[in-house]
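Participant: To be precise about what I am sending: the file is called data39.txt and holds compact mmCIF, C-alpha atoms and all ligand atoms.
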```
# COMPACT_ATOMS: atom_id res chain seq x y z
CA MET A 1 -20.95 39.30 64.73
CA ASN A 2 -24.58 39.84 65.72
CA LYS A 3 -23.58 43.32 66.77
CA LEU A 4 -22.45 44.44 63.30
CA PRO A 5 -24.30 47.65 62.41
CA ASP A 6 -26.76 47.37 59.48
CA ARG A 7 -24.78 49.89 57.43
CA THR A 8 -21.54 47.94 57.97
CA VAL A 9 -23.22 44.78 56.70
CA GLU A 10 -24.38 46.72 53.62
CA ARG A 11 -20.91 48.13 53.00
CA LEU A 12 -19.22 44.73 53.44
CA SER A 13 -21.42 43.39 50.67
CA GLN A 14 -20.45 46.37 48.49
CA TYR A 15 -16.73 45.99 49.29
CA ARG A 16 -16.87 42.32 48.38
CA ARG A 17 -18.24 43.10 44.93
CA SER A 18 -15.48 45.64 44.26
CA LEU A 19 -12.83 43.30 45.68
CA LEU A 20 -13.98 40.48 43.40
CA ASN A 21 -13.67 42.86 40.49
CA CYS A 22 -10.13 43.81 41.59
CA LEU A 23 -9.18 40.16 42.00
CA SER A 24 -10.41 39.36 38.49
CA LYS A 25 -8.03 42.05 37.22
CA GLY A 26 -5.10 40.41 39.02
CA LYS A 27 -4.85 42.83 41.96
CA THR A 28 -3.63 40.97 45.06
CA HIS A 29 -3.45 43.78 47.65
CA ILE A 30 -5.47 46.92 48.27
CA PHE A 31 -5.28 49.92 50.60
CA SER A 32 -8.21 51.27 52.58
CA HIS A 33 -8.07 54.55 50.65
CA GLU A 34 -8.49 52.66 47.37
CA ILE A 35 -11.60 50.87 48.66
CA ALA A 36 -12.84 54.21 50.05
CA GLY A 37 -12.39 55.88 46.65
CA MET A 38 -14.48 53.22 44.94
CA HIS A 39 -17.33 53.70 47.39
CA HIS A 40 -17.19 57.47 47.94
CA ILE A 41 -16.55 57.13 51.66
CA THR A 42 -13.59 57.86 53.93
CA PRO A 43 -10.66 55.46 54.48
CA VAL A 44 -11.40 55.70 58.23
CA GLN A 45 -14.87 54.27 57.61
CA VAL A 46 -13.42 51.41 55.55
CA ARG A 47 -10.81 50.59 58.23
CA ARG A 48 -13.47 50.71 60.94
CA ASP A 49 -15.76 48.32 59.05
CA ILE A 50 -12.94 45.89 58.36
CA MET A 51 -11.67 46.06 61.94
CA LEU A 52 -15.17 45.15 63.11
CA ILE A 53 -14.82 41.80 61.35
CA GLY A 54 -11.42 41.29 62.97
CA TYR A 55 -9.15 41.84 59.98
CA THR A 56 -6.16 44.12 59.63
CA GLY A 57 -3.95 44.78 56.67
CA THR A 58 -0.27 45.66 56.62
CA LEU A 59 1.02 49.20 56.43
CA ARG A 60 3.19 48.44 53.41
CA LYS A 61 0.83 46.37 51.24
CA GLY A 62 -2.66 47.06 52.62
CA TYR A 63 -5.23 44.27 52.71
CA ASP A 64 -4.82 40.90 51.01
CA VAL A 65 -7.72 40.99 48.52
CA LYS A 66 -8.39 37.25 48.48
CA GLU A 67 -8.22 36.91 52.26
CA LEU A 68 -10.58 39.82 52.72
CA ILE A 69 -13.08 38.40 50.19
CA ASP A 70 -13.00 35.04 51.98
CA LEU A 71 -13.46 36.62 55.39
CA ILE A 72 -16.39 38.78 54.24
CA GLY A 73 -17.88 35.59 52.77
CA LYS A 74 -17.58 33.85 56.13
CA ILE A 75 -19.36 36.76 57.79
CA LEU A 76 -22.13 37.32 55.24
CA ASP A 77 -22.84 33.88 53.82
CA THR A 78 -23.90 30.61 55.32
CA PRO A 79 -21.82 27.58 54.21
CA ASP A 80 -24.68 26.00 52.25
CA GLY A 81 -26.20 29.22 50.95
CA GLN A 82 -29.71 30.53 51.54
CA LYS A 83 -32.83 30.06 49.48
CA VAL A 84 -35.08 32.87 48.36
CA ALA A 85 -38.66 33.06 47.04
CA ILE A 86 -40.25 35.79 44.95
CA ILE A 87 -43.88 36.51 45.75
CA GLY A 88 -45.58 38.19 42.80
CA VAL A 89 -44.06 37.10 39.50
CA GLY A 90 -45.02 40.22 37.52
CA ASN A 91 -42.60 42.52 35.67
CA LEU A 92 -40.47 43.31 38.71
CA GLY A 93 -40.50 39.76 40.09
CA GLN A 94 -39.46 38.35 36.72
CA ALA A 95 -36.72 40.96 36.35
CA LEU A 96 -35.29 39.97 39.74
CA ILE A 97 -35.40 36.29 38.82
CA GLN A 98 -33.55 37.05 35.56
CA TYR A 99 -31.04 39.29 37.32
CA PHE A 100 -30.04 36.68 39.90
CA SER A 101 -30.21 33.70 37.57
CA GLY A 102 -26.83 32.08 37.02
CA LYS A 103 -24.99 34.52 39.31
CA ARG A 104 -22.51 32.66 41.48
CA THR A 105 -23.83 33.67 44.83
CA LYS A 106 -24.78 31.97 48.04
CA LEU A 107 -28.31 33.30 47.55
CA SER A 108 -30.47 31.44 45.10
CA ILE A 109 -34.01 32.17 44.03
CA VAL A 110 -35.64 28.75 44.05
CA ALA A 111 -39.36 29.52 43.79
CA GLY A 112 -41.86 32.10 42.64
CA PHE A 113 -45.44 32.44 43.90
CA ASP A 114 -48.40 34.10 42.22
CA ILE A 115 -52.17 33.82 42.01
CA HIS A 116 -52.64 34.53 38.32
CA PRO A 117 -53.49 31.35 36.35
CA GLU A 118 -51.18 32.44 33.52
CA LYS A 119 -48.19 32.64 35.88
CA VAL A 120 -48.76 29.60 38.06
CA ASN A 121 -47.07 26.36 36.91
CA ARG A 122 -44.78 28.21 34.53
CA VAL A 123 -40.99 28.27 34.83
CA TYR A 124 -39.15 31.62 34.71
CA ALA A 125 -35.41 31.39 33.99
CA GLY A 126 -35.36 27.97 35.60
CA VAL A 127 -37.45 29.05 38.60
CA PRO A 128 -40.84 27.34 39.04
CA CYS A 129 -43.83 29.53 39.83
CA TYR A 130 -46.27 28.01 42.32
CA HIS A 131 -49.71 29.10 43.47
CA LEU A 132 -49.63 31.21 46.63
CA ASP A 133 -51.70 28.51 48.33
CA GLN A 134 -48.60 26.30 48.21
CA LEU A 135 -46.41 28.81 50.05
CA GLN A 136 -46.25 27.01 53.37
CA ASP A 137 -45.53 23.59 51.83
CA ILE A 138 -42.84 24.80 49.45
CA VAL A 139 -41.11 27.03 52.02
CA LYS A 140 -40.84 24.01 54.26
CA LYS A 141 -39.89 21.53 51.53
CA ASP A 142 -37.25 23.77 49.91
CA ASP A 143 -36.02 25.29 53.18
CA ILE A 144 -36.69 28.84 51.96
CA GLU A 145 -35.53 31.48 54.46
CA ILE A 146 -36.03 34.71 52.55
CA ALA A 147 -38.98 36.19 50.64
CA ILE A 148 -38.96 39.10 48.22
CA ILE A 149 -42.38 40.72 47.92
CA THR A 150 -43.17 42.15 44.49
CA THR A 151 -46.96 41.97 44.50
CA PRO A 152 -49.23 45.01 44.17
CA ALA A 153 -48.82 47.19 47.30
CA GLU A 154 -52.21 46.50 48.82
CA GLU A 155 -51.40 42.77 48.97
CA SER A 156 -48.13 43.10 50.87
CA PRO A 157 -49.41 43.06 54.50
CA ARG A 158 -51.32 39.85 53.89
CA ILE A 159 -48.41 38.28 52.02
CA ALA A 160 -46.02 39.25 54.85
CA GLU A 161 -48.31 37.57 57.36
CA MET A 162 -48.43 34.41 55.27
CA CYS A 163 -44.64 34.40 54.95
CA VAL A 164 -44.21 34.68 58.72
CA ILE A 165 -46.63 31.80 59.28
CA ALA A 166 -44.79 29.76 56.64
CA GLY A 167 -41.53 30.22 58.58
CA VAL A 168 -39.71 32.78 56.43
CA LYS A 169 -36.90 34.46 58.44
CA GLY A 170 -36.25 37.58 56.39
CA MET A 171 -38.16 39.73 53.90
CA LEU A 172 -37.35 42.31 51.31
CA ASN A 173 -40.46 44.37 50.61
CA TYR A 174 -40.33 46.03 47.21
CA THR A 175 -43.83 47.46 47.49
CA PRO A 176 -44.47 51.04 48.66
CA LYS A 177 -46.73 49.82 51.47
CA SER A 178 -44.95 49.26 54.78
CA ILE A 179 -45.43 45.93 56.46
CA ASN A 180 -45.10 44.69 60.04
CA VAL A 181 -43.16 41.62 61.02
CA PRO A 182 -42.39 40.09 64.42
CA PRO A 183 -38.95 40.78 65.94
CA HIS A 184 -37.46 37.43 64.93
CA VAL A 185 -38.01 38.26 61.24
CA TYR A 186 -35.62 40.70 59.58
CA LEU A 187 -37.32 43.23 57.31
CA GLU A 188 -35.80 45.46 54.67
CA GLU A 189 -38.08 47.79 52.70
CA TYR A 190 -37.13 49.33 49.42
CA ASP A 191 -39.49 51.83 47.91
CA MET A 192 -38.31 52.65 44.41
CA THR A 193 -40.69 55.58 43.99
CA THR A 194 -39.30 57.33 47.07
CA SER A 195 -35.72 56.77 45.89
CA LEU A 196 -36.52 58.12 42.44
CA GLU A 197 -38.40 61.12 43.83
CA LYS A 198 -35.42 61.87 46.09
CA VAL A 199 -33.07 61.91 43.10
CA ALA A 200 -35.56 64.05 41.14
CA PHE A 201 -35.76 66.52 44.04
CA PHE A 202 -31.98 66.98 44.16
CA VAL A 203 -31.79 67.30 40.36
CA LYS A 204 -34.42 70.05 40.57
CA LYS A 205 -32.64 71.73 43.49
CA ASN A 206 -29.26 71.64 41.72
CA LYS A 207 -30.81 73.14 38.57
CA MET A 208 -32.18 76.06 40.62
CA MET A 209 -28.80 76.84 42.17
P1 LIG A 301 -48.14 41.68 34.95
O1 LIG A 301 -48.67 42.67 33.94
O2 LIG A 301 -47.32 40.56 34.35
O3 LIG A 301 -49.20 41.14 35.87
P2 LIG A 301 -47.20 43.68 36.77
O4 LIG A 301 -45.85 43.81 37.35
O5 LIG A 301 -47.76 44.87 36.06
O6 LIG A 301 -47.09 42.42 35.84
P3 LIG A 301 -48.66 43.81 39.24
O7 LIG A 301 -50.08 44.20 39.20
O8 LIG A 301 -47.67 44.78 39.78
O9 LIG A 301 -48.26 43.22 37.84
O10 LIG A 301 -48.53 42.48 40.11
C1 LIG A 301 -47.33 41.83 40.26
C2 LIG A 301 -47.56 40.34 40.30
O11 LIG A 301 -48.17 40.00 41.53
C3 LIG A 301 -48.49 39.82 39.21
O12 LIG A 301 -47.89 38.69 38.61
C4 LIG A 301 -49.76 39.44 39.95
O13 LIG A 301 -50.42 38.35 39.35
C5 LIG A 301 -49.19 39.05 41.29
N1 LIG A 301 -50.13 39.10 42.41
C6 LIG A 301 -51.19 39.94 42.62
N2 LIG A 301 -51.76 39.66 43.80
C7 LIG A 301 -51.07 38.66 44.34
C8 LIG A 301 -51.17 37.91 45.55
N3 LIG A 301 -52.11 38.15 46.45
N4 LIG A 301 -50.28 36.92 45.75
C9 LIG A 301 -49.31 36.63 44.87
N5 LIG A 301 -49.16 37.30 43.72
C10 LIG A 301 -50.02 38.29 43.46
```
As C-alpha cells - that is how I would like this structure written.
Ligand code: ATP

Facilitator:
Amino acid sequence: MNKLPDRTVERLSQYRRSLLNCLSKGKTHIFSHEIAGMHHITPVQVRRDIMLIGYTGTLRKGYDVKELIDLIGKILDTPDGQKVAIIGVGNLGQALIQYFSGKRTKLSIVAGFDIHPEKVNRVYAGVPCYHLDQLQDIVKKDDIEIAIITTPAEESPRIAEMCVIAGVKGMLNYTPKSINVPPHVYLEEYDMTTSLEKVAFFVKKNKMM
C-alpha cells in the first residue's frame, strides 16, 4: 500500500465521498463508468485505482458500494483515527475548524495554536486554542500527527520547523510560502492564490477565444 501513487490516494478519498452519497440514496452497486462520470475521469482510470487496492467488481453489477467504501476506509484511515492541529487560528484557521467540526471522519481537529493573546485560551467550535509555546507538550499529550499551517506566510518556515521538532508526521501548508521538511514528514502545500489565479487565467483565455 506504501506504493500507492499520490494521485490515486487523492482520488480514493474523492470516490469515497461520492460512494457515501450514493449509499445514502440507497444505491447498492455501481459501475466504474458511473464513478468516472462523477469525477470527470475515464472508467479505465477508476478501474486502475480500484485494482491497485485489490478490489474487483462483477461484470453484471459493478462494485458493491458498501464493500468499496469499507475497503477504501481500511486503506486511508487508521483504526483509531488521526489527530490534527491548526496553527494560526485566524479567519482561515477558524473556518477549517468550523468546517471539520462534527463531521464523522477519522480525522479530528483537537487543538489550535496561536500567539495572539485574544486567541489563546479560547475555544473555537469545541477546539481549544493554546499558545504556540505549548506546541511540543500538547502534540505529545494529545498524540497529534498532523498540522495544518494557516499563519501569515512569513511565519510558516519557523512553524514547520517547530512542528517537526514536536514530532508531527504530516503537514498541510495553506500559506503561499513553501516550506522544507525532512523525508519522514509528509508535506502537502496548497496555495489558494495560485489556484485562483489559474482559474482566472483560463476564464480570461476562454473569453478571448
Ligand atoms: P485575524 O484578523 O483574526 O488575526 P487573519 O486571518 O487576518 O485573522 P493572519 O494575519 O492571516 O490573520 O494570521 C492568521 C493567524 O495566525 C492569526 O490568528 C495570528 O494571530 C496567527 N499567528 C501569527 N503569527 C503566528 C505564529 N508565529 N504562530 C502562531 N500563530 C500565529

Participant: For a quick check of understanding, using only C-alpha atoms, which of A:Ile144, A:Leu59, A:Ala95, A:Ile50 has the smallest distance to Ala111 in chain A?

Facilitator: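 So, comparing all the options, the nearest one is A:Ile144.
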
Participant: For ligand LIG 301 (chain A), which residue out of A:Leu107, A:Ile179, A:Met171, A:Ile87 is the nearest one, using only C-alpha atoms and all ligand atoms?

Facilitator: A:Ile87

Participant: Show me which residues line ligand LIG 301 (chain A), defined as having an atom within 7 Å of a ligand atom where only C-alpha atoms and all ligand atoms count, and present them as a list of chain:residue names.

Facilitator: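 Taking only C-alpha atoms and all ligand atoms into account, the residues around ligand LIG 301 (chain A) at most 7 Å away are A:Ile87, A:Gly88, A:Val89, A:Gly90, A:Asn91, A:Leu92, A:Phe113, A:Asp114, A:Ile115, A:His116, A:Lys119, A:Leu132, A:Thr150, A:Thr151, A:Pro152, A:Glu155, A:Ile159.
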
Participant: Between CA of Thr28 in chain A and CA of Gly102 in chain A, measure the distance and give it in Å to one decimal.

Facilitator: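 Separation between CA of Thr28 in chain A and CA of Gly102 in chain A: 26.1 Å.
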
Participant: Check the smallest atom-to-atom distance from each of A:Val9, A:Ile86, A:Met38, A:Val199 to His131 in chain A using only C-alpha atoms, then report the winner.

Facilitator: A:Ile86

Participant: Counting all atoms listed in the file, which of A:Asp6, A:Ser18, A:Val168, A:Ala85 gets nearest to Tyr130 in chain A?

Facilitator: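 Going through A:Asp6, A:Ser18, A:Val168, A:Ala85 one by one, the smallest distance to Tyr130 in chain A is for A:Ala85.
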
Participant: Between CA of Gly126 in chain A and CA of Ile109 in chain A, what is the spacing in Å?

Facilitator: 9.5 Å

Participant: Using CA of Leu135 in chain A and CA of Lys177 in chain A as the two end points, give the distance in Å to one decimal.

Facilitator: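 Going from CA of Leu135 in chain A over to CA of Lys177 in chain A covers 21.1 Å.
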
Participant: Choose the residue, out of A:Thr105, A:Ser32, A:Asn180, A:Gln82, that has the smallest atom-to-atom separation from Ala147 in chain A; count all atoms listed in the file.

Facilitator: A:Gln82

Participant: Of the candidates A:Lys74, A:Arg60, A:His184, A:Lys140, which shows the shortest atom-to-atom distance to Ala166 in chain A, using only C-alpha atoms?

Facilitator: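 Distance minimum relative to Ala166 in chain A lands on A:Lys140.
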
Participant: Please provide as number ranges by chain all residues within 9 Å of Tyr63 in chain A, with the sequence filter that same-chain residues fewer than 6 positions apart are discarded (counting all atoms listed in the file).

Facilitator: A: 28-32, 55-57

Participant: Can you pull out every residue within 10 Å of Ser13 in chain A, counting all atoms listed in the file, but drop anything in the same chain fewer than 2 positions away, and send it as a PDB file with C-alpha atoms, in the frame of the given file?

Facilitator:
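Here's the written file around06.pdb:
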```
ATOM      1  CA  ARG A   7     -24.780  49.890  57.430  1.00  0.00           C
ATOM      2  CA  THR A   8     -21.540  47.940  57.970  1.00  0.00           C
ATOM      3  CA  VAL A   9     -23.220  44.780  56.700  1.00  0.00           C
ATOM      4  CA  GLU A  10     -24.380  46.720  53.620  1.00  0.00           C
ATOM      5  CA  ARG A  11     -20.910  48.130  53.000  1.00  0.00           C
ATOM      6  CA  TYR A  15     -16.730  45.990  49.290  1.00  0.00           C
ATOM      7  CA  ARG A  16     -16.870  42.320  48.380  1.00  0.00           C
ATOM      8  CA  ARG A  17     -18.240  43.100  44.930  1.00  0.00           C
ATOM      9  CA  SER A  18     -15.480  45.640  44.260  1.00  0.00           C
ATOM     10  CA  LEU A  19     -12.830  43.300  45.680  1.00  0.00           C
ATOM     11  CA  ILE A  69     -13.080  38.400  50.190  1.00  0.00           C
ATOM     12  CA  ILE A  72     -16.390  38.780  54.240  1.00  0.00           C
ATOM     13  CA  GLY A  73     -17.880  35.590  52.770  1.00  0.00           C
ATOM     14  CA  ILE A  75     -19.360  36.760  57.790  1.00  0.00           C
ATOM     15  CA  LEU A  76     -22.130  37.320  55.240  1.00  0.00           C
TER      16      LEU A  76
END
```

Participant: Output: range 170-196 of chain A of the preceding structure, restricted to N, CA and C atoms, written as a PDB file, in the first residue's frame.

Facilitator:
```
ATOM      1  N   GLY A 170       2.934  14.795   9.495  1.00  0.00           N
ATOM      2  CA  GLY A 170       2.453  15.268   8.199  1.00  0.00           C
ATOM      3  C   GLY A 170       1.957  16.694   8.328  1.00  0.00           C
ATOM      4  N   MET A 171       2.153  17.494   7.248  1.00  0.00           N
ATOM      5  CA  MET A 171       1.722  18.895   7.312  1.00  0.00           C
ATOM      6  C   MET A 171       0.987  19.301   6.058  1.00  0.00           C
ATOM      7  N   LEU A 172      -0.006  20.145   6.266  1.00  0.00           N
ATOM      8  CA  LEU A 172      -0.706  20.762   5.151  1.00  0.00           C
ATOM      9  C   LEU A 172      -0.441  22.256   5.277  1.00  0.00           C
ATOM     10  N   ASN A 173       0.325  22.789   4.319  1.00  0.00           N
ATOM     11  CA  ASN A 173       0.707  24.197   4.396  1.00  0.00           C
ATOM     12  C   ASN A 173      -0.233  25.031   3.523  1.00  0.00           C
ATOM     13  N   TYR A 174      -1.047  25.838   4.177  1.00  0.00           N
ATOM     14  CA  TYR A 174      -2.003  26.681   3.459  1.00  0.00           C
ATOM     15  C   TYR A 174      -1.418  28.045   3.122  1.00  0.00           C
ATOM     16  N   THR A 175      -0.173  28.291   3.516  1.00  0.00           N
ATOM     17  CA  THR A 175       0.394  29.607   3.233  1.00  0.00           C
ATOM     18  C   THR A 175       1.094  29.581   1.874  1.00  0.00           C
ATOM     19  N   PRO A 176       1.251  30.746   1.241  1.00  0.00           N
ATOM     20  CA  PRO A 176       1.892  30.749  -0.083  1.00  0.00           C
ATOM     21  C   PRO A 176       3.408  30.588  -0.031  1.00  0.00           C
ATOM     22  N   LYS A 177       3.963  30.487   1.161  1.00  0.00           N
ATOM     23  CA  LYS A 177       5.429  30.330   1.257  1.00  0.00           C
ATOM     24  C   LYS A 177       5.771  28.848   1.430  1.00  0.00           C
ATOM     25  N   SER A 178       6.602  28.343   0.506  1.00  0.00           N
ATOM     26  CA  SER A 178       6.982  26.926   0.559  1.00  0.00           C
ATOM     27  C   SER A 178       7.829  26.635   1.785  1.00  0.00           C
ATOM     28  N   ILE A 179       7.639  25.443   2.312  1.00  0.00           N
ATOM     29  CA  ILE A 179       8.440  25.065   3.481  1.00  0.00           C
ATOM     30  C   ILE A 179       9.229  23.792   3.177  1.00  0.00           C
ATOM     31  N   ASN A 180      10.252  23.535   3.982  1.00  0.00           N
ATOM     32  CA  ASN A 180      11.039  22.306   3.842  1.00  0.00           C
ATOM     33  C   ASN A 180      10.779  21.413   5.046  1.00  0.00           C
ATOM     34  N   VAL A 181      10.653  20.134   4.753  1.00  0.00           N
ATOM     35  CA  VAL A 181      10.500  19.176   5.857  1.00  0.00           C
ATOM     36  C   VAL A 181      11.422  17.987   5.580  1.00  0.00           C
ATOM     37  N   PRO A 182      11.834  17.279   6.613  1.00  0.00           N
ATOM     38  CA  PRO A 182      12.673  16.093   6.377  1.00  0.00           C
ATOM     39  C   PRO A 182      11.866  14.981   5.700  1.00  0.00           C
ATOM     40  N   PRO A 183      12.547  13.997   5.102  1.00  0.00           N
ATOM     41  CA  PRO A 183      11.849  12.978   4.310  1.00  0.00           C
ATOM     42  C   PRO A 183      10.806  12.162   5.078  1.00  0.00           C
ATOM     43  N   HIS A 184      10.967  12.036   6.385  1.00  0.00           N
ATOM     44  CA  HIS A 184       9.985  11.215   7.117  1.00  0.00           C
ATOM     45  C   HIS A 184       8.676  11.969   7.387  1.00  0.00           C
ATOM     46  N   VAL A 185       8.643  13.251   7.032  1.00  0.00           N
ATOM     47  CA  VAL A 185       7.410  14.030   7.230  1.00  0.00           C
ATOM     48  C   VAL A 185       6.760  14.266   5.864  1.00  0.00           C
ATOM     49  N   TYR A 186       5.474  13.971   5.775  1.00  0.00           N
ATOM     50  CA  TYR A 186       4.778  14.160   4.503  1.00  0.00           C
ATOM     51  C   TYR A 186       4.244  15.605   4.423  1.00  0.00           C
ATOM     52  N   LEU A 187       4.531  16.247   3.297  1.00  0.00           N
ATOM     53  CA  LEU A 187       4.106  17.651   3.144  1.00  0.00           C
ATOM     54  C   LEU A 187       3.186  17.814   1.940  1.00  0.00           C
ATOM     55  N   GLU A 188       2.099  18.529   2.175  1.00  0.00           N
ATOM     56  CA  GLU A 188       1.199  18.899   1.084  1.00  0.00           C
ATOM     57  C   GLU A 188       1.065  20.421   1.167  1.00  0.00           C
ATOM     58  N   GLU A 189       1.230  21.095   0.023  1.00  0.00           N
ATOM     59  CA  GLU A 189       1.118  22.558   0.056  1.00  0.00           C
ATOM     60  C   GLU A 189      -0.057  22.974  -0.821  1.00  0.00           C
ATOM     61  N   TYR A 190      -0.841  23.865  -0.290  1.00  0.00           N
ATOM     62  CA  TYR A 190      -1.991  24.326  -1.063  1.00  0.00           C
ATOM     63  C   TYR A 190      -2.011  25.850  -1.061  1.00  0.00           C
ATOM     64  N   ASP A 191      -1.695  26.395  -2.215  1.00  0.00           N
ATOM     65  CA  ASP A 191      -1.658  27.847  -2.316  1.00  0.00           C
ATOM     66  C   ASP A 191      -2.912  28.330  -3.047  1.00  0.00           C
ATOM     67  N   MET A 192      -3.832  28.893  -2.258  1.00  0.00           N
ATOM     68  CA  MET A 192      -5.121  29.302  -2.798  1.00  0.00           C
ATOM     69  C   MET A 192      -5.000  30.369  -3.876  1.00  0.00           C
ATOM     70  N   THR A 193      -4.023  31.283  -3.679  1.00  0.00           N
ATOM     71  CA  THR A 193      -3.873  32.374  -4.648  1.00  0.00           C
ATOM     72  C   THR A 193      -3.490  31.821  -6.016  1.00  0.00           C
ATOM     73  N   THR A 194      -2.564  30.859  -6.026  1.00  0.00           N
ATOM     74  CA  THR A 194      -2.167  30.259  -7.308  1.00  0.00           C
ATOM     75  C   THR A 194      -3.360  29.577  -7.961  1.00  0.00           C
ATOM     76  N   SER A 195      -4.128  28.822  -7.185  1.00  0.00           N
ATOM     77  CA  SER A 195      -5.285  28.115  -7.741  1.00  0.00           C
ATOM     78  C   SER A 195      -6.278  29.117  -8.337  1.00  0.00           C
ATOM     79  N   LEU A 196      -6.527  30.187  -7.594  1.00  0.00           N
ATOM     80  CA  LEU A 196      -7.495  31.178  -8.076  1.00  0.00           C
ATOM     81  C   LEU A 196      -6.971  31.877  -9.328  1.00  0.00           C
TER      82      LEU A 196
END
```
